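Enquirer: Here you go, one structure.
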Amino acid sequence: MTVPSLPDPVQLAVPAFAALVALEMWLVRRRGRGAYDWKDAGASLTLGLGSTVAGLLTAGAVVGIAYFVWQFRLFDIPWAWWAFLLCFVLDDLAYYWFHRTAHRVRWFWASHVVHHSSQHYNLTTALRQTWTGFISLAFIFRLPLFLIGFDPAMVAFCAGLNLVYQFWIHTEQVGRLPRWAEAVMNTPSHHRVHHATNPLYLDRNYAGVFIIWDRMFGTFQPERDDVRPRYGIVKNLGTLNPLWAAVHEWVGIARDVSRAQSANDLAGYIAGPPGWRPDGAGETSEAIRARWEATRQEAAERGA
Amino acid sequence: MTQLLFSMAAIAALVALAWILGFRSQPVLGESDATDEAEAMLPGFRAQACLVAADGRAALVHGIDGSRALVAPKGDRWVVRRLDNAAIRQVGERELRIDCHDTGLRAVRFPLDGTPPGWIGAQTEQA
């Protein structure tokens, strides 16, 4: 079977990314909606460039692992249009589970937190990507696709398209899309919720392209007009330094692991949810949400 | 290598554009902004008093549980930290220095308008 040579969608889209960032800056200035900070934008773009370099350095290993796993495939999936379509949808499902895990398991979060570490939500935030994706083993979530029988080149192409789609949803310039789009697709509105730290919005809307996964697996939260998203992370970084943004959670893991008193502590610090503490007093998203619910209920009872 | 240099030039151009368009504001805080910020960012924290720095670029917030929080600037945004007992030191009559024990947010200068309220609990730093 001849393997077609596929372009890298991300590389092709880079000039458009730059043009759209410039356009968005102009729109923010003109409309007064959304926000930019020159240092924050610089940090995001630097992290994006660093991520590309890190990706190139580890690409050989990832491709090698992918083709090694592909040897044990269940089916020989041909290079047909329907195979691309199926691959795109299944890759998006794999992305949903990767993304959900990246928020719920600290080892994966240590790498993904970079993307959430800006307190702004604009197109440069989309480019704010990890330098340590290979270390956190993010690629393992795509291994099932190779085992099913999708050629790694096809998966890489679909993953690139997925990433390109996700670029434009990192904006406050687009309000809500038509109902059908909000029902099926991940949109700027849904993804603003995902980047917010408000207790109502925390750890919701993990979708890449299709929001249906969140609706199916119970993690969907629509944006509410009365709850304005506060962007960033639960404990926002005290600096705009991109190097610290790239490594701070790994440093945190190392610090906590060095203090672990038992195997259970060790497991919790590495594989527990972000914010986990052995005494149960950690600021995990569940704890934050529960405290917020309790405060809300208390206020409602006082008002009744 | 050419591609890397081109990417770096594009980043510099976009950052310069952001600067030219004026995205370099340094907002100042009012008391209600500071308490809102602290209550929103610290789960369970409820403010009862607030001291805003003389330049409006930081605030200390006193919680009803007796704890204290710092609202410190980061670009055009704010970061909030709970403070332990030894974190606030008075340096001369017109300044506090606040140590957050936090990478990137170490010693925060806090200029004063007058004598700080008692709940600040600042320790005096020897010259």
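Within each chain, counting starts at residue 1; across the structure tokens, chains are named A, B, ... in the order shown, with ligands numbered 1 upward in that order.
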Using DSSP assignments from the backbone, pull out every residue in region 111-278 of chain A that falls under strand (DSSP E or B) and give it to me as a list in words.

Expert: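 Here are the strand (DSSP E or B) residues of region 111-278 of chain A: Met185, Ala196, Phe210 and Tyr231 of chain A.
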
Enquirer: Emit the selected residues as an mmCIF file, in the first residue's frame, including all heavy atoms.

Expert:
data_model
loop_
_atom_site.group_PDB
_atom_site.id
_atom_site.type_symbol
_atom_site.label_atom_id
_atom_site.label_comp_id
_atom_site.auth_asym_id
_atom_site.auth_seq_id
_atom_site.Cartn_x
_atom_site.Cartn_y
_atom_site.Cartn_z
ATOM 1 N N MET A 185 -20.300 21.312 18.503
ATOM 2 C CA MET A 185 -18.880 21.666 18.408
ATOM 3 C C MET A 185 -18.372 22.316 19.691
ATOM 4 O O MET A 185 -19.139 22.913 20.444
ATOM 5 C CB MET A 185 -18.658 22.661 17.256
ATOM 6 C CG MET A 185 -19.234 22.259 15.921
ATOM 7 S SD MET A 185 -18.562 20.702 15.307
ATOM 8 C CE MET A 185 -16.890 21.189 14.898
ATOM 9 N N ALA A 196 -11.661 28.796 32.800
ATOM 10 C CA ALA A 196 -12.020 29.615 33.958
ATOM 11 C C ALA A 196 -11.772 28.873 35.270
ATOM 12 O O ALA A 196 -11.829 27.644 35.322
ATOM 13 C CB ALA A 196 -13.493 30.007 33.858
ATOM 14 N N PHE A 210 -15.277 18.282 19.282
ATOM 15 C CA PHE A 210 -16.708 17.995 19.460
ATOM 16 C C PHE A 210 -17.080 18.048 20.943
ATOM 17 O O PHE A 210 -16.576 17.248 21.735
ATOM 18 C CB PHE A 210 -17.053 16.615 18.894
ATOM 19 C CG PHE A 210 -16.747 16.483 17.427
ATOM 20 C CD1 PHE A 210 -15.769 15.602 16.989
ATOM 21 C CD2 PHE A 210 -17.425 17.241 16.494
ATOM 22 C CE1 PHE A 210 -15.475 15.472 15.639
ATOM 23 C CE2 PHE A 210 -17.136 17.120 15.133
ATOM 24 C CZ PHE A 210 -16.159 16.241 14.705
ATOM 25 N N TYR A 231 -10.010 33.824 34.316
ATOM 26 C CA TYR A 231 -9.079 32.913 33.650
ATOM 27 C C TYR A 231 -7.811 32.686 34.473
ATOM 28 O O TYR A 231 -7.407 33.553 35.231
ATOM 29 C CB TYR A 231 -8.703 33.459 32.272
ATOM 30 C CG TYR A 231 -9.913 33.707 31.397
ATOM 31 C CD1 TYR A 231 -10.281 34.989 31.024
ATOM 32 C CD2 TYR A 231 -10.705 32.640 30.978
ATOM 33 C CE1 TYR A 231 -11.404 35.216 30.233
ATOM 34 C CE2 TYR A 231 -11.822 32.858 30.194
ATOM 35 C CZ TYR A 231 -12.171 34.150 29.829
ATOM 36 O OH TYR A 231 -13.286 34.368 29.053
#

Enquirer: Excluding region 64-81 of chain A and any residue of its chain fewer than 5 positions from it, enumerate the residues within 8 Å of it, using only C-alpha atoms, and give them as a PyMOL selection string.

Expert: chain A and resi 3+143+146-152

Enquirer: How would the residues just picked look written out with C-alpha atoms as an mmCIF file, in the first residue's frame?

Expert:
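The resulting file, again.cif, is reproduced below:
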data_model
loop_
_atom_site.group_PDB
_atom_site.id
_atom_site.type_symbol
_atom_site.label_atom_id
_atom_site.label_comp_id
_atom_site.auth_asym_id
_atom_site.auth_seq_id
_atom_site.Cartn_x
_atom_site.Cartn_y
_atom_site.Cartn_z
ATOM 1 C CA VAL A 3 1.467 5.854 2.002
ATOM 2 C CA LEU A 143 -1.759 4.371 21.178
ATOM 3 C CA PHE A 146 -2.539 2.589 16.264
ATOM 4 C CA LEU A 147 -3.670 -0.705 17.768
ATOM 5 C CA ILE A 148 -7.002 -0.377 15.967
ATOM 6 C CA GLY A 149 -5.022 0.007 12.762
ATOM 7 C CA PHE A 150 -4.880 3.693 11.822
ATOM 8 C CA ASP A 151 -1.521 4.518 10.250
ATOM 9 C CA PRO A 152 0.449 6.832 12.574
#

Enquirer: With a cut-off of 10 Å and counting only C-alpha atoms, select all residues of chain A in contact with chain B and give the selection as a PyMOL selection string.

Expert: chain A and resi 14-15+18-19+21-22+25-26+28-29+35-46+48-49+52-53+118-120+124+197-199+230+233-241+244+248+283+287-292+294-295

Enquirer: Excluding Gly175 (chain A) and any residue of its chain fewer than 6 positions from it, enumerate the residues within 12 Å of it, using only C-alpha atoms, and give them as a PDB file with N, CA and C atoms, in the first residue's frame.

Expert:
ATOM      1  N   ARG A  33     -13.526  44.822  24.153  1.00  0.00           N
ATOM      2  CA  ARG A  33     -13.896  43.504  24.688  1.00  0.00           C
ATOM      3  C   ARG A  33     -12.678  42.590  24.607  1.00  0.00           C
ATOM      4  N   GLY A  34     -12.426  41.824  25.698  1.00  0.00           N
ATOM      5  CA  GLY A  34     -11.240  40.979  25.724  1.00  0.00           C
ATOM      6  C   GLY A  34     -10.053  41.766  26.242  1.00  0.00           C
ATOM      7  N   ILE A 169     -10.760  28.987  18.972  1.00  0.00           N
ATOM      8  CA  ILE A 169     -11.762  29.059  20.055  1.00  0.00           C
ATOM      9  C   ILE A 169     -11.216  29.780  21.296  1.00  0.00           C
ATOM     10  N   GLU A 182     -23.234  25.222  18.857  1.00  0.00           N
ATOM     11  CA  GLU A 182     -22.996  25.134  20.311  1.00  0.00           C
ATOM     12  C   GLU A 182     -23.344  23.740  20.837  1.00  0.00           C
ATOM     13  N   THR A 187     -16.770  25.396  21.139  1.00  0.00           N
ATOM     14  CA  THR A 187     -16.853  26.775  20.644  1.00  0.00           C
ATOM     15  C   THR A 187     -16.100  27.711  21.593  1.00  0.00           C
ATOM     16  N   PRO A 188     -15.884  28.951  21.179  1.00  0.00           N
ATOM     17  CA  PRO A 188     -15.243  29.899  22.102  1.00  0.00           C
ATOM     18  C   PRO A 188     -15.971  29.961  23.448  1.00  0.00           C
ATOM     19  N   SER A 189     -17.292  29.939  23.418  1.00  0.00           N
ATOM     20  CA  SER A 189     -18.062  30.012  24.667  1.00  0.00           C
ATOM     21  C   SER A 189     -17.768  28.806  25.574  1.00  0.00           C
ATOM     22  N   HIS A 190     -17.818  27.599  25.007  1.00  0.00           N
ATOM     23  CA  HIS A 190     -17.553  26.393  25.812  1.00  0.00           C
ATOM     24  C   HIS A 190     -16.121  26.387  26.335  1.00  0.00           C
ATOM     25  N   HIS A 191     -15.211  26.870  25.513  1.00  0.00           N
ATOM     26  CA  HIS A 191     -13.804  26.773  25.924  1.00  0.00           C
ATOM     27  C   HIS A 191     -13.422  27.882  26.915  1.00  0.00           C
ATOM     28  N   ARG A 192     -14.165  28.982  26.902  1.00  0.00           N
ATOM     29  CA  ARG A 192     -13.937  30.010  27.941  1.00  0.00           C
ATOM     30  C   ARG A 192     -14.232  29.399  29.304  1.00  0.00           C
ATOM     31  N   GLU A 223     -21.624  28.217  29.376  1.00  0.00           N
ATOM     32  CA  GLU A 223     -21.222  29.527  29.904  1.00  0.00           C
ATOM     33  C   GLU A 223     -22.489  30.273  30.317  1.00  0.00           C
ATOM     34  N   ARG A 224     -22.420  30.917  31.477  1.00  0.00           N
ATOM     35  CA  ARG A 224     -23.589  31.672  31.946  1.00  0.00           C
ATOM     36  C   ARG A 224     -23.302  33.162  31.866  1.00  0.00           C
ATOM     37  N   ASP A 225     -24.317  33.910  31.432  1.00  0.00           N
ATOM     38  CA  ASP A 225     -24.114  35.357  31.293  1.00  0.00           C
ATOM     39  C   ASP A 225     -23.845  36.029  32.639  1.00  0.00           C
TER      40      ASP A 225
END

Enquirer: For Arg89 (chain B), find every residue with an atom within 7 Å (counting only C-alpha atoms), except residues of its own chain fewer than 5 positions away, and show them as a list in words.

Expert: Leu96, Arg97, Ile98, Ala122, Gln123, Thr124 and Glu125 of chain B

Enquirer: Tell me, as a list in words, which residues lie within 10 Å of Thr132 (chain A), counting only C-alpha atoms; anything in the same chain fewer than 5 positions away does not count.

Expert: Gly50, Ser51, Ala54, Gly55, Thr58, Phe108, Ala110, Ser111, His112, Val114, Leu137, Ala138, Ala246, Val247 and Trp250 of chain A

Enquirer: Write to file, as a PDB file, in the first residue's frame, the residues of the selection just made, with C-alpha atoms.

Expert:
ATOM      1  CA  GLY A  50       9.614  26.294  22.959  1.00  0.00           C
ATOM      2  CA  SER A  51       6.902  23.682  22.638  1.00  0.00           C
ATOM      3  CA  ALA A  54      10.623  20.329  22.301  1.00  0.00           C
ATOM      4  CA  GLY A  55       8.229  18.521  19.961  1.00  0.00           C
ATOM      5  CA  THR A  58      11.133  14.141  20.801  1.00  0.00           C
ATOM      6  CA  PHE A 108      -0.193  14.929  33.367  1.00  0.00           C
ATOM      7  CA  ALA A 110       2.342  19.235  35.408  1.00  0.00           C
ATOM      8  CA  SER A 111       2.738  19.385  31.661  1.00  0.00           C
ATOM      9  CA  HIS A 112      -0.698  20.731  30.699  1.00  0.00           C
ATOM     10  CA  VAL A 114       1.335  25.625  31.147  1.00  0.00           C
ATOM     11  CA  LEU A 137       3.680  10.591  28.343  1.00  0.00           C
ATOM     12  CA  ALA A 138       0.793  12.461  26.730  1.00  0.00           C
ATOM     13  CA  ALA A 246       6.989  25.551  31.869  1.00  0.00           C
ATOM     14  CA  VAL A 247       8.450  23.799  34.902  1.00  0.00           C
ATOM     15  CA  TRP A 250       7.277  19.618  38.068  1.00  0.00           C
TER      16      TRP A 250
END

Enquirer: To one decimal place, how far is CA of Leu70 (chain B) from CA of Arg94 (chain B) in Å?

Expert: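 Pair CA of Leu70 (chain B) / CA of Arg94 (chain B) returns 17.7 Å.
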